Structures are given as structure tokens and as C-alpha cells.
Amino acid sequence: MHIKHRATEAPHSERKDLINLKRMLPFLWSYKGRVLVALVSLMLAKVATVSIPLILKDIVDALDTPVSSSAGLTQQIAIELPLMLLLGYGALRLMNVLFNELRDAIFARVRYRAMRDISKKVVKHLYDLSLSFHLQRKTGGISRDLERGARSLSSILNYLTFNIIPTLTEFVLVAIILFSQYEAEFALITFGTVAIYLAYTMALTEWRMHFRHEMNAHDSEANSRAVDGLINYETVKYFNNERYEVNRYNDTLEKWEECAVKSTSSMALLNFGQGAIIAVGVTLVMISAAQGVSEGSLTIGDLVLVNAMMLQLFIPLGFLGIIYRSMKHSLADMDLLFKLLDNKPQINDIENSKDLTVKQANIEFKNISFSYNKERQILHDVSFQIPSGHKVAVVGPSGAGKSTLARLLFRFYDTDHGEIQIDEQNIQQVSQASLRRHIGIVPQDTVLFNESVFHNIQYARTGATIGEVRHAAKVANIDEFIKSLPDGYDTVVGERGLKLSGGEKQRIAIARVILKNPRILIFDEATSSLDSHSEQIILRSLKEVAEEHTTLVIAHRLSTIVDANNIIVLQEGRIEEQGTHQQLLDKNGLYASLWNMQQDEEESL
């Protein structure tokens, strides 16, 4: 099944922002108490903010009152009254700062826990997705989507708590004051300006959002190309393709640059329009207030109050334009994150699945047919058994379907037809975790973590002691090599184990599966990177390890499986022949032909 990574899709118009915001709420619910306290602090801060122009009006009017020098009492009141108002003014300023900072401090835990929880959920979901998704994903693009998505959640919470809700609260309080104390024209001009401002902002922002989508797509693509090239550093060097990789990266960045320039240029138009609307609105309100003062219907304090109200309202509203754009950008980033979460695993446990119980570790492949896609059938009605304690090898030309059998047994994929049983239990009826707990695999291409040698071996059983890890390394014939490294078992192997040779990586993989000690072993061309001497040592060790295990060996070099209890020869997804090494040689069929070919190759070396 083809899965397209959405970060590189064309800008989409099918985002469901309200649904995504609703999906965000559960990440806040664990701290609902803190959210409530933060919102109360927000409300108190805004009440203090809106009260400041009111007390400022009284201060101005009190100071504007004529004072008679012959009336001592009147003069005393004129002096004391502004002092009390000024103290109140200072107290309101202090309250505003106090409750704003209290809101920030209380909400910090909510914000960062939400980021942590959604990042954890996405990473867990990525591990739950099927192998088919990960074979076609772009690691760099997904990592960038995850980073931007978690950051967008924090941004949206910040915008809602520190900008949008406070501005709406202040807007409502200002509306109450203007409608209750002044002529309707002040409110109509103010809210008419706000309406025009919001309509202009939303319309222009929607128009220019596709630039942001394209920027995100090209940014993810550039990051994917950079990461992919660096992961395959050696391959790039083998073919002298450094300039080619840099040019591919630069071509994508060039597209990103064009979108970024268009985004910034269109933002200048948006900013100018917003500034012009605010300027016209404030001017009209000030003209109306000045006329009221000249006619005597308003005081100087009223003029100051209206001016302060307008400034208090339009300053955050000016930022609201930026916030709206940022919110749209964050919602676009969050949409990519939720689209990752919307990818469904192809392989799922059935409802109320039980754990696999392994007693004998008998394995049976019953009439297995399988294809990765409809165009090409990989396996055709394949049936064979691996009795308890037996070693069964699968050989055949490249593309015959050998490694596919291992992937089906590990349940990276489900069969199209037929079933695989372990101790007469269909593996599709048991939990994947319990199935994989009983299987150990040494893959053909061993990839190690960019951690210490000890960590990479202990990874098979994270609670293992240093003694157990060293014992596994000795059995895998790599303990002496590890001790010869500069930092011994603490030596960091580099990204994907690049500091080690193929054979060294493979022996670490063998040590890892030895440490896991499962009942079922899979060796997928496990000695393909070893020299003949090391291969013989490892084969003797593996023979000892596998004596009490049921073992499936996917082999290319036939010399490694001559001791197998049964050898299955695959040809174009069908069992061509099977038997012991000697029986197959006596048949003089495909196996004998492959054996003779390899013997001739070895003699010619």
C-alpha cells in the first residue's frame, strides 16, 4: 500500500481547525484547576487594566476643577482627592502586573506538559505504525513536522491565554463602559473600526496562507534531503555526489526562499492596511470627543478616558492581527501533526487478544500467499513446518521471498491467505508484543543506535547486567574486540554504527539476540558480512545457542546451513524443493546448481 507523507503534499484547504482545537483540549484537561486559576487571574488583570482609564478620568477632572484660595476646606479636598486617586491608579497598575505574571507562572506547567504529552503521543503512535509506513516515510520531514507541531501547540495555548481571551475580555469591558457612559457614536465608531479591521485581517491572511503551506512543504522536503544524504554519507562519497546532494538541497531551499519572500511581501501589505484602519478609527473617535469637550457635554477627563480606551483596545488589537496570522500558521503546523496521528496501523491486535504461550515452539506456515502490492505476488501457497528445536533454512535466488517469510513470522505484515501458527496458535490472534517477545532476529542489515556498545547489546534486555552483556559478547566472539576499543564497552559506535565494520556490527547484533534468549531465532543472512574465519567461529557459537531453540535461517551462503534439519528452496515465491543438504544434492536440482556455483566461486578466489 502506498503511503504518501503529507508534509510534502500541496497546500491543502481541507484542514479542520475547530476539530483540531477540540482534539487539543484533552492535553489541557489534566491541569484543569491550573487553567481555571489562570483564567481568573486573566480576568482580574483585565478588570484592573480597564479601570485605569476610569480612574485617570477622575484624576484629570479633579485637577481641572478650579480651586479657591479663600476656601481652605475646598483647597484641602482638591489636594487630597487626586492623591487618593493617584494611589488607586498605582494600585491598579500593580494589580495588572501581579495578575498577569501570576497567570503566566500558573499556566507554564499546563503549556509545557501539553507539549510533552502530545510529543510523546505522536512518537508512540509512530512506533505503533506498520513497517509499510516507515519504509516510505521521510525521517527528516517527520522530525520537522513533530518539532513544529509540538511548538504550534504551545503557541496556540499562548495566543489563546495571553492574547485572544484577554483581548476579547477587554473588548467586552470597554463596550460596557462606552455604551453605558457615552453617546452611541463612540461605540459605533470603535466597534465599526474593529469589525473592519478583523474582516480585512482575516481576508488577507487567508489569501496569503498558501505561501506558508508551500514554505512548510519545501522546508520539510529540504530537511528530509539533508538528513537522508547525511545518513547515506558513505554512499554519497562512493559516487562523488556531494555537489549533486548540495544542489538538490539548494534547489528545494530556492523554492522555499521564493515562498518566504512572497509571504513577507504580502505581510507588508497586510500591516499597512491594519495600521491605516486603526489610524482612521482613532482619529474619528478623537474628533467626536474633542467636539464634545468644546460643546461642554464632555470633560477633559472624558477626552482622556476615550483616548486611553482606544489606545488600550487598539494596541492589543494591533498585535491581534499578528496573532491571527501566527494562529493560522500554528494551526497549519498542528494539522500536519494530527495528520500523522490519523495514519492508522495496518497491523492491529484483535480485540481482547491473548498473549502467545510458547511451550514447544513448533512453527507452521500453512498455505501462505502474500504480496506487498497487487501488481506483484511474492509468495504462492507456501507450506512448511519447523518442529521444536529444529533448524530450518530457506534459500533461493534474490527476490524469491526468503526475507518476506521472516517479516511475516515477526508480523510486520499479515498474510493475504493462509496462516502462521506457533504451538497451534494463529499469530494473528495473539498480541504483537507477546509474539515478538518470543522471537529474536539477526537482520542482514544491522543498524545500531548512536550510543555505546554496551547500550546496543543491552538493548535486547534493558535490565541486563554488565556481566550478562559481556557473556553474550563472548558467545558472539566480539568481547575481545570490544575490550580493545579506546573506551571499551563505553565506546560510542556513531550514527547507524558507522564507526564499526559490517562484520563487527553483525556480531553485536548476534550478541544482542543471544542476550534476549528467545525460544525462536531468525537469522536473516546473519553471517553475510563476516570473513570465513569469523564466520566459522560464529557458526559454532550459533549452533550452541540454537540447540534449545527453534530456528529459521534465511541464507545466501549455502555453506552456513549444511547442518540444517530441513532446507527449503524457494523459486519465485514457490517451494521448488526441500530436504537435507545431502538429499538436495542427490536430487541435482536448483539447490545443487546453487551449491556448485558457490563452490566454483570460492575455489576461484
# chains A, B, ... in the order shown; residues from 1 in each chain; ligands from 1

call {"tool": "residues_around", "arguments": {"residues": "A:Leu178", "least_positions_apart": "6", "cutoff": "12 Å", "atoms": "only C-alpha atoms", "output": "PyMOL selection string"}}
result
chain A and resi 50+53-54+171-172+184-191+285+302+305-307+309-310

call {"tool": "residues_around", "arguments": {"residues": "stretch 242-259 of chain A", "least_positions_apart": "3", "cutoff": "8 Å", "atoms": "only C-alpha atoms", "output": "list in words"}}
result
Phe211, Arg212, Glu214, Met215, His218, Asp219, Glu221, Ala222, Arg225, Ala226, Gly229, Val236, Lys237, Lys262 and Ser263 of chain A

call {"tool": "closest_residue", "arguments": {"among": "A:Gln181, A:Tyr197, A:Lys124, A:Leu405", "to": "A:Leu298", "atoms": "only C-alpha atoms"}}
result
A:Gln181

call {"tool": "atom_distance", "arguments": {"atom1": "atom CA of A:Glu419", "atom2": "atom CA of A:Glu364"}}
result
8.3 Å

call {"tool": "residues_around", "arguments": {"residues": "A:Gln444", "least_positions_apart": "4", "cutoff": "7 Å", "atoms": "only C-alpha atoms", "output": "NGL selection string"}}
result
:A and (524-526)

call {"tool": "write_last_selection", "arguments": {"atoms": "C-alpha atoms", "output": "PDB file, in the first residue's frame"}}
result
ATOM      1  CA  ASP A 524      18.418 -13.323   8.058  1.00  0.00           C
ATOM      2  CA  GLU A 525      21.768 -13.849   6.310  1.00  0.00           C
ATOM      3  CA  ALA A 526      23.332 -13.197   9.720  1.00  0.00           C
TER       4      ALA A 526
END

call {"tool": "residues_around", "arguments": {"residues": "A:Asp61", "least_positions_apart": "5", "cutoff": "9 Å", "atoms": "only C-alpha atoms", "output": "list in words"}}
result
Leu56, Thr299, Ile300, Gly301 and Asp302 of chain A

call {"tool": "closest_residue", "arguments": {"among": "A:Leu379, A:Leu515, A:Val430, A:Ile439", "to": "A:Lys474", "atoms": "only C-alpha atoms"}}
result
A:Leu515

call {"tool": "residues_around", "arguments": {"residues": "stretch 338-347 of chain A", "least_positions_apart": "3", "cutoff": "10 Å", "atoms": "only C-alpha atoms", "output": "NGL selection string"}}
result
:A and (1 or 3 or 5-7 or 15 or 20 or 23-24 or 118 or 121-133 or 142 or 145-146 or 149 or 333-335 or 350 or 411-414 or 428 or 432)

call {"tool": "write_last_selection", "arguments": {"atoms": "C-alpha atoms", "output": "mmCIF file, in the first residue's frame"}}
result
data_model
loop_
_atom_site.group_PDB
_atom_site.id
_atom_site.type_symbol
_atom_site.label_atom_id
_atom_site.label_comp_id
_atom_site.auth_asym_id
_atom_site.auth_seq_id
_atom_site.Cartn_x
_atom_site.Cartn_y
_atom_site.Cartn_z
ATOM 1 C CA MET A 1 0.000 0.000 0.000
ATOM 2 C CA ILE A 3 1.508 5.904 1.796
ATOM 3 C CA HIS A 5 3.986 11.594 3.605
ATOM 4 C CA ARG A 6 1.692 14.575 3.946
ATOM 5 C CA ALA A 7 4.318 17.137 4.772
ATOM 6 C CA ARG A 15 -7.903 21.477 7.392
ATOM 7 C CA ASN A 20 -8.055 20.158 15.777
ATOM 8 C CA ARG A 23 -8.564 17.484 19.850
ATOM 9 C CA MET A 24 -6.130 19.701 21.734
ATOM 10 C CA ILE A 118 1.455 15.438 22.513
ATOM 11 C CA LYS A 121 1.745 10.538 21.910
ATOM 12 C CA VAL A 122 3.000 11.197 18.368
ATOM 13 C CA VAL A 123 6.273 9.322 18.898
ATOM 14 C CA LYS A 124 4.397 6.379 20.446
ATOM 15 C CA HIS A 125 1.988 6.435 17.505
ATOM 16 C CA LEU A 126 4.896 6.401 15.045
ATOM 17 C CA TYR A 127 6.250 3.286 16.770
ATOM 18 C CA ASP A 128 2.786 1.719 16.538
ATOM 19 C CA LEU A 129 2.516 2.326 12.790
ATOM 20 C CA SER A 130 3.265 -0.577 10.496
ATOM 21 C CA LEU A 131 6.526 -1.267 8.709
ATOM 22 C CA SER A 132 4.962 -0.281 5.377
ATOM 23 C CA PHE A 133 4.595 3.305 6.637
ATOM 24 C CA ILE A 142 8.555 13.732 10.029
ATOM 25 C CA ASP A 145 6.617 18.043 11.492
ATOM 26 C CA LEU A 146 6.897 16.726 15.046
ATOM 27 C CA GLY A 149 3.618 20.530 15.689
ATOM 28 C CA ASP A 333 1.598 23.096 11.635
ATOM 29 C CA MET A 334 -0.711 21.358 14.104
ATOM 30 C CA ASP A 335 -2.752 19.987 11.217
ATOM 31 C CA ILE A 350 -7.641 -8.191 17.537
ATOM 32 C CA ARG A 411 4.198 -9.993 11.915
ATOM 33 C CA PHE A 412 5.442 -6.850 10.262
ATOM 34 C CA TYR A 413 2.815 -7.796 7.677
ATOM 35 C CA ASP A 414 -0.258 -10.014 7.669
ATOM 36 C CA GLN A 428 -2.809 -13.011 14.133
ATOM 37 C CA GLN A 432 2.091 -8.487 18.724
#

call {"tool": "closest_atom_pairs", "arguments": {"of": "stretch 363-395 of chain A", "to": "stretch 571-586 of chain A", "cutoff": "10 Å", "atoms": "only C-alpha atoms", "output": "CSV"}}
result
residue,atom,partner,partner_atom,distance
A:Ile368,CA,A:Arg574,CA,9.9
A:Ser369,CA,A:Gly573,CA,8.7
A:Phe370,CA,A:Gly573,CA,9.0
A:Ser371,CA,A:Gly573,CA,9.9
A:Gln377,CA,A:Gly573,CA,7.8
A:Ile378,CA,A:Gly573,CA,5.3
A:Leu379,CA,A:Gly573,CA,4.1
A:His380,CA,A:Arg574,CA,5.5
A:Asp381,CA,A:Arg574,CA,7.1
A:Val382,CA,A:Arg574,CA,6.2
A:Ser383,CA,A:Ile575,CA,8.1
A:Phe384,CA,A:Ile575,CA,9.1
A:Val392,CA,A:Thr580,CA,9.4
A:Ala393,CA,A:Gln578,CA,9.6
A:Val394,CA,A:Gln578,CA,9.0
A:Val395,CA,A:Gln571,CA,8.8

call {"tool": "atom_distance", "arguments": {"atom1": "atom CA of A:Val442", "atom2": "atom CA of A:Phe523"}}
result
5.0 Å

call {"tool": "residues_around", "arguments": {"residues": "stretch 446-461 of chain A", "least_positions_apart": "5", "cutoff": "7 Å", "atoms": "only C-alpha atoms", "output": "JSON, numbers by chain"}}
result
{"A": [469, 489, 490, 491, 492, 493, 494, 495, 496, 497, 505, 506, 508, 509, 511, 512, 513, 515, 516]}

call {"tool": "select_by_dssp", "arguments": {"residues": "stretch 472-605 of chain A", "states": "alpha helix (DSSP H)", "output": "ChimeraX atom specification"}}
result
/A:472-475,479-484,502-516,532-546,581-587,590-604

call {"tool": "select_by_dssp", "arguments": {"residues": "stretch 245-425 of chain A", "states": "strand (DSSP E or B)", "output": "ChimeraX atom specification"}}
result
/A:354,363-373,376-386,391-395,417-422,425

call {"tool": "write_last_selection", "arguments": {"atoms": "N, CA and C atoms", "output": "compact mmCIF listing (two decimals), in the first residue's frame"}}
result
# COMPACT_ATOMS: atom_id res chain seq x y z
N LYS A 354 -5.02 -12.47 23.20
CA LYS A 354 -4.31 -13.08 24.32
C LYS A 354 -2.81 -13.08 24.04
N ILE A 363 6.61 -24.30 14.83
CA ILE A 363 6.16 -23.27 13.89
C ILE A 363 5.63 -23.95 12.64
N GLU A 364 4.50 -23.43 12.13
CA GLU A 364 3.94 -23.98 10.89
C GLU A 364 3.45 -22.85 10.00
N PHE A 365 3.94 -22.84 8.77
CA PHE A 365 3.44 -21.95 7.72
C PHE A 365 2.42 -22.75 6.91
N LYS A 366 1.15 -22.32 6.91
CA LYS A 366 0.09 -23.09 6.26
C LYS A 366 -0.49 -22.33 5.08
N ASN A 367 -0.16 -22.77 3.88
CA ASN A 367 -0.75 -22.23 2.64
C ASN A 367 -0.63 -20.71 2.57
N ILE A 368 0.58 -20.21 2.76
CA ILE A 368 0.82 -18.76 2.82
C ILE A 368 0.94 -18.16 1.42
N SER A 369 0.09 -17.16 1.17
CA SER A 369 0.22 -16.34 -0.04
C SER A 369 0.32 -14.89 0.42
N PHE A 370 1.17 -14.12 -0.27
CA PHE A 370 1.38 -12.74 0.19
C PHE A 370 1.92 -11.89 -0.96
N SER A 371 1.50 -10.60 -0.94
CA SER A 371 2.05 -9.63 -1.88
C SER A 371 2.12 -8.28 -1.19
N TYR A 372 3.19 -7.51 -1.49
CA TYR A 372 3.31 -6.16 -0.94
C TYR A 372 2.36 -5.21 -1.66
N ASN A 373 2.12 -5.48 -2.92
CA ASN A 373 1.13 -4.73 -3.68
C ASN A 373 0.50 -5.67 -4.70
N ARG A 376 2.37 -7.36 -7.81
CA ARG A 376 3.42 -8.38 -7.76
C ARG A 376 3.19 -9.31 -6.59
N GLN A 377 2.92 -10.58 -6.90
CA GLN A 377 2.73 -11.60 -5.87
C GLN A 377 4.11 -12.09 -5.43
N ILE A 378 4.35 -12.14 -4.11
CA ILE A 378 5.66 -12.54 -3.59
C ILE A 378 5.68 -14.02 -3.24
N LEU A 379 4.67 -14.50 -2.49
CA LEU A 379 4.62 -15.89 -2.06
C LEU A 379 3.34 -16.55 -2.60
N HIS A 380 3.48 -17.82 -3.01
CA HIS A 380 2.35 -18.56 -3.58
C HIS A 380 2.16 -19.87 -2.82
N ASP A 381 1.15 -19.92 -1.97
CA ASP A 381 0.73 -21.17 -1.32
C ASP A 381 1.92 -21.92 -0.71
N VAL A 382 2.67 -21.23 0.15
CA VAL A 382 3.87 -21.81 0.78
C VAL A 382 3.47 -22.50 2.08
N SER A 383 3.88 -23.76 2.24
CA SER A 383 3.59 -24.51 3.47
C SER A 383 4.84 -25.28 3.90
N PHE A 384 5.18 -25.17 5.17
CA PHE A 384 6.27 -25.97 5.75
C PHE A 384 6.20 -25.85 7.27
N GLN A 385 6.91 -26.75 7.95
CA GLN A 385 6.93 -26.75 9.40
C GLN A 385 8.36 -26.62 9.91
N ILE A 386 8.47 -26.04 11.12
CA ILE A 386 9.76 -26.01 11.83
C ILE A 386 9.49 -26.64 13.19
N LYS A 391 16.35 -26.71 13.14
CA LYS A 391 16.88 -25.60 12.35
C LYS A 391 16.45 -25.80 10.91
N VAL A 392 15.62 -24.86 10.43
CA VAL A 392 15.15 -24.93 9.04
C VAL A 392 15.71 -23.72 8.29
N ALA A 393 16.31 -23.99 7.15
CA ALA A 393 16.90 -22.93 6.34
C ALA A 393 16.07 -22.69 5.08
N VAL A 394 16.01 -21.44 4.66
CA VAL A 394 15.32 -21.08 3.42
C VAL A 394 16.35 -20.45 2.50
N VAL A 395 16.50 -21.00 1.30
CA VAL A 395 17.48 -20.50 0.34
C VAL A 395 16.77 -20.27 -0.99
N HIS A 417 -3.34 -14.75 2.46
CA HIS A 417 -4.08 -16.01 2.57
C HIS A 417 -3.24 -16.99 3.39
N GLY A 418 -3.92 -17.87 4.12
CA GLY A 418 -3.21 -18.83 4.95
C GLY A 418 -2.90 -18.25 6.32
N GLU A 419 -2.24 -19.04 7.14
CA GLU A 419 -1.90 -18.57 8.49
C GLU A 419 -0.60 -19.18 8.96
N ILE A 420 0.00 -18.48 9.92
CA ILE A 420 1.23 -18.94 10.55
C ILE A 420 0.88 -19.30 11.99
N GLN A 421 1.28 -20.48 12.42
CA GLN A 421 0.97 -20.93 13.78
C GLN A 421 2.24 -21.19 14.56
N ILE A 422 2.17 -20.86 15.85
CA ILE A 422 3.23 -21.22 16.79
C ILE A 422 2.55 -22.00 17.91
N GLN A 425 -1.14 -21.90 17.67
CA GLN A 425 -1.80 -20.61 17.89
C GLN A 425 -1.54 -19.72 16.68

call {"tool": "atom_distance", "arguments": {"atom1": "atom CA of A:Ala555", "atom2": "atom CA of A:Gln360"}}
result
24.3 Å
